[in-house]
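Have a look at the structure below before the remarks.
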Amino acid sequence: MTTDFWKRIAQNRLLDVGAVGIALLVVVMLATKLPERAKRIDFVHYYLSSRLLLEHKNPYATPLAPLCEQYGFVCHGDIPTGTNPPPLLWLFAPFALLPPLGAYCLWQLLQVAALAVLLWQARRLLANRLSARGFRFLVAAAVASAPVYWHFYYAQVQLLLAALALTGYAWMLRGRTHAACLAVTAAGLLKLFPLVLVPWFIWGTDGDRRKRITRAAAVVALAGLVFLATGPELWGQFVRDGMKVVSDWTVNRQSNFSLPSFVMNFGFAAYGFAPPEPVARVWWRVGAATGLCLLGACYTLCLRTKRDMETQFCLLCVAMLAGGMVTWGNYFVFLIFPMTVLARRLAANPGAGGILGFALLCALLNSHGGRAGPFLDEHLHLKVLCNYLPLYGLLVLTFCFAGKLRGSRDG
């Protein structure tokens, strides 16, 4: 089949109708789910943790179950206390002053606004490479995607973080490098894992050492101010108590799609996910080292490439998700811009192989459902392999952008 054939298929207006229809169907599905989700995680944990903070109590050591009963929430026993960094609790504090339902509605509206900013920035960054019709497809695809669905389902914060990171990238391209560094640092202080991107922003688009030092100083100053403003003691409680709960969720969870989690789960499977403590420590270290190696390899490739900042940013966003210790399905909203870049490049030179490969990649990245059953429960290594389809998509995406960078460097 020729390139002209695929272009004619792409121009068929039935695709527009189908994309909009699917997106509207997802919106309707969410509309039926969200009222009940106002009483469940993760909104409940944001709300109650910030309430404890406002009441001068330790949100990382105070059990949430009694408060769930008090406010009419559904208790989730696997997460007994607060787990989010202090800046996120303070960000949510104004919402926690409101009645739960009002707070929930305003929080979700904030996430809708963040999604709008994310899509708007993607449109501006791609400029003449993304037509009005292409932008409509982008909006429909984002709204219909599993990561966005699960993000609103759990009332998460990742869209805000992704919007901050992409805005920072846009500012960096326009020469506002200090503002760019501060934007991505703010995202990292709210949820930690975006801090992986900060060194790349500090390195910037130029080789001026003095500018890099001033950007690093600005990042350190912002981090220091936030640390002091949100309370050093509170940070200590978060590291001591909150991080322990997070670490417990790293292993034997079907919805954590990071490479370190895969490595640890695959090792733990030999012991029925209950290995002796010395063995568990070994697999933890191996998993963490694997993620760090992936991130290090991607950073090394970026630092050796003097151009194609777009591909570098996309590669590091993907590697951040693949190499992190915890990567829930809603974290994949960070892929909205990288996947748009990849789709735009495919559209410039369509072909059967590329289109089928892109469709398979989309299917992998949206396969967030857990896979279980008697057979898989008896073959735990196979069960682990079957439950990491999104990770395989992340790794494919990593190789795609890394290959593009290598080609840019060699050229």
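Simple scheme: letters A, B, ... for chains in structure tokens order, numbers from 1 for residues in each chain, numbers from 1 for ligands in the order shown.
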
Selection: 9 Å around Ala141 in chain A, only C-alpha atoms, excl. self and same-chain fewer than 5 positions, as an mmCIF file with C-alpha atoms, in the first residue's frame:
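The new file part.cif reads:
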data_model
loop_
_atom_site.group_PDB
_atom_site.id
_atom_site.type_symbol
_atom_site.label_atom_id
_atom_site.label_comp_id
_atom_site.auth_asym_id
_atom_site.auth_seq_id
_atom_site.Cartn_x
_atom_site.Cartn_y
_atom_site.Cartn_z
ATOM 1 C CA ALA A 19 -12.541 10.222 17.553
ATOM 2 C CA VAL A 20 -15.045 12.742 18.879
ATOM 3 C CA ILE A 22 -15.098 7.955 21.630
ATOM 4 C CA ALA A 23 -13.991 11.033 23.558
ATOM 5 C CA ARG A 136 -8.803 18.233 17.447
ATOM 6 C CA ILE A 336 0.574 13.493 25.888
#

Test item: residues at most 9 Å from Pro66 in chain A, only C-alpha atoms, excluding those fewer than 4 positions along its chain, as a list in words: Gln70, Tyr71 and Cys75 of chain A

Counting only C-alpha atoms, the residue of A:Thr214, A:Ser247, A:Asn265, A:Gln158 that sits nearest Gly188 in chain A: A:Gln158

CA of Ile79 in chain A to CA of Leu197 in chain A, straight-line distance in Å: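 If I compute the distance from CA of Leu197 in chain A to CA of Ile79 in chain A, I get 28.1 Å.
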
Straight-line distance linking CA of Pro350 in chain A with CA of Phe135 in chain A, stated in Å to one decimal: 17.9 Å

Residues near Ser255 in chain A, cut-off 7 Å, only C-alpha atoms, skip fewer than 5 positions along chain, as number ranges by chain: A: 328-329, 368

Can you write out the residues you just picked, keeping C-alpha atoms, as a CSV table (one decimal), in the first residue's frame?
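Output below, filename selection.csv:
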chain,number,residue,atom,x,y,z
A,328,TRP,CA,1.0,4.6,38.4
A,329,GLY,CA,-1.2,4.6,35.2
A,368,HIS,CA,-3.8,-0.5,32.5

Which of A:Leu397, A:Leu389, A:Leu97, A:Val220 sits closest to Leu335 in chain A [using only C-alpha atoms]: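 Ranking A:Leu397, A:Leu389, A:Leu97, A:Val220 by distance to Leu335 in chain A, first place goes to A:Leu397.
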
Neighbour list for Val251 in chain A as number ranges by chain, cut-off 9 Å, only C-alpha atoms, skip fewer than 5 positions in-chain: A: 256, 261-262, 264-265, 268, 273

For Cys400 in chain A: contacts at 9 Å, only C-alpha atoms, fewer than 5 positions along chain excluded, given as a PDB file with C-alpha atoms, in the first residue's frame:
ATOM      1  CA  LEU A 315      13.059  11.094  25.843  1.00  0.00           C
ATOM      2  CA  LEU A 342       5.701  10.890  17.542  1.00  0.00           C
ATOM      3  CA  LEU A 395      10.514   1.069  26.683  1.00  0.00           C
ATOM      4  CA  LEU A 405      18.711  11.358  19.018  1.00  0.00           C
TER       5      LEU A 405
END

Counting only C-alpha atoms, the option among A:Pro100, A:Gly267, A:Gly134, A:Pro85 closest to Ala186 in chain A: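 Checking each of A:Pro100, A:Gly267, A:Gly134, A:Pro85 against Ala186 in chain A, counting only C-alpha atoms, the winner is A:Pro85.
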
Length of the CA of Ala96 in chain A to CA of Arg37 in chain A vector [Å]: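 Going from CA of Ala96 in chain A over to CA of Arg37 in chain A covers 16.4 Å.
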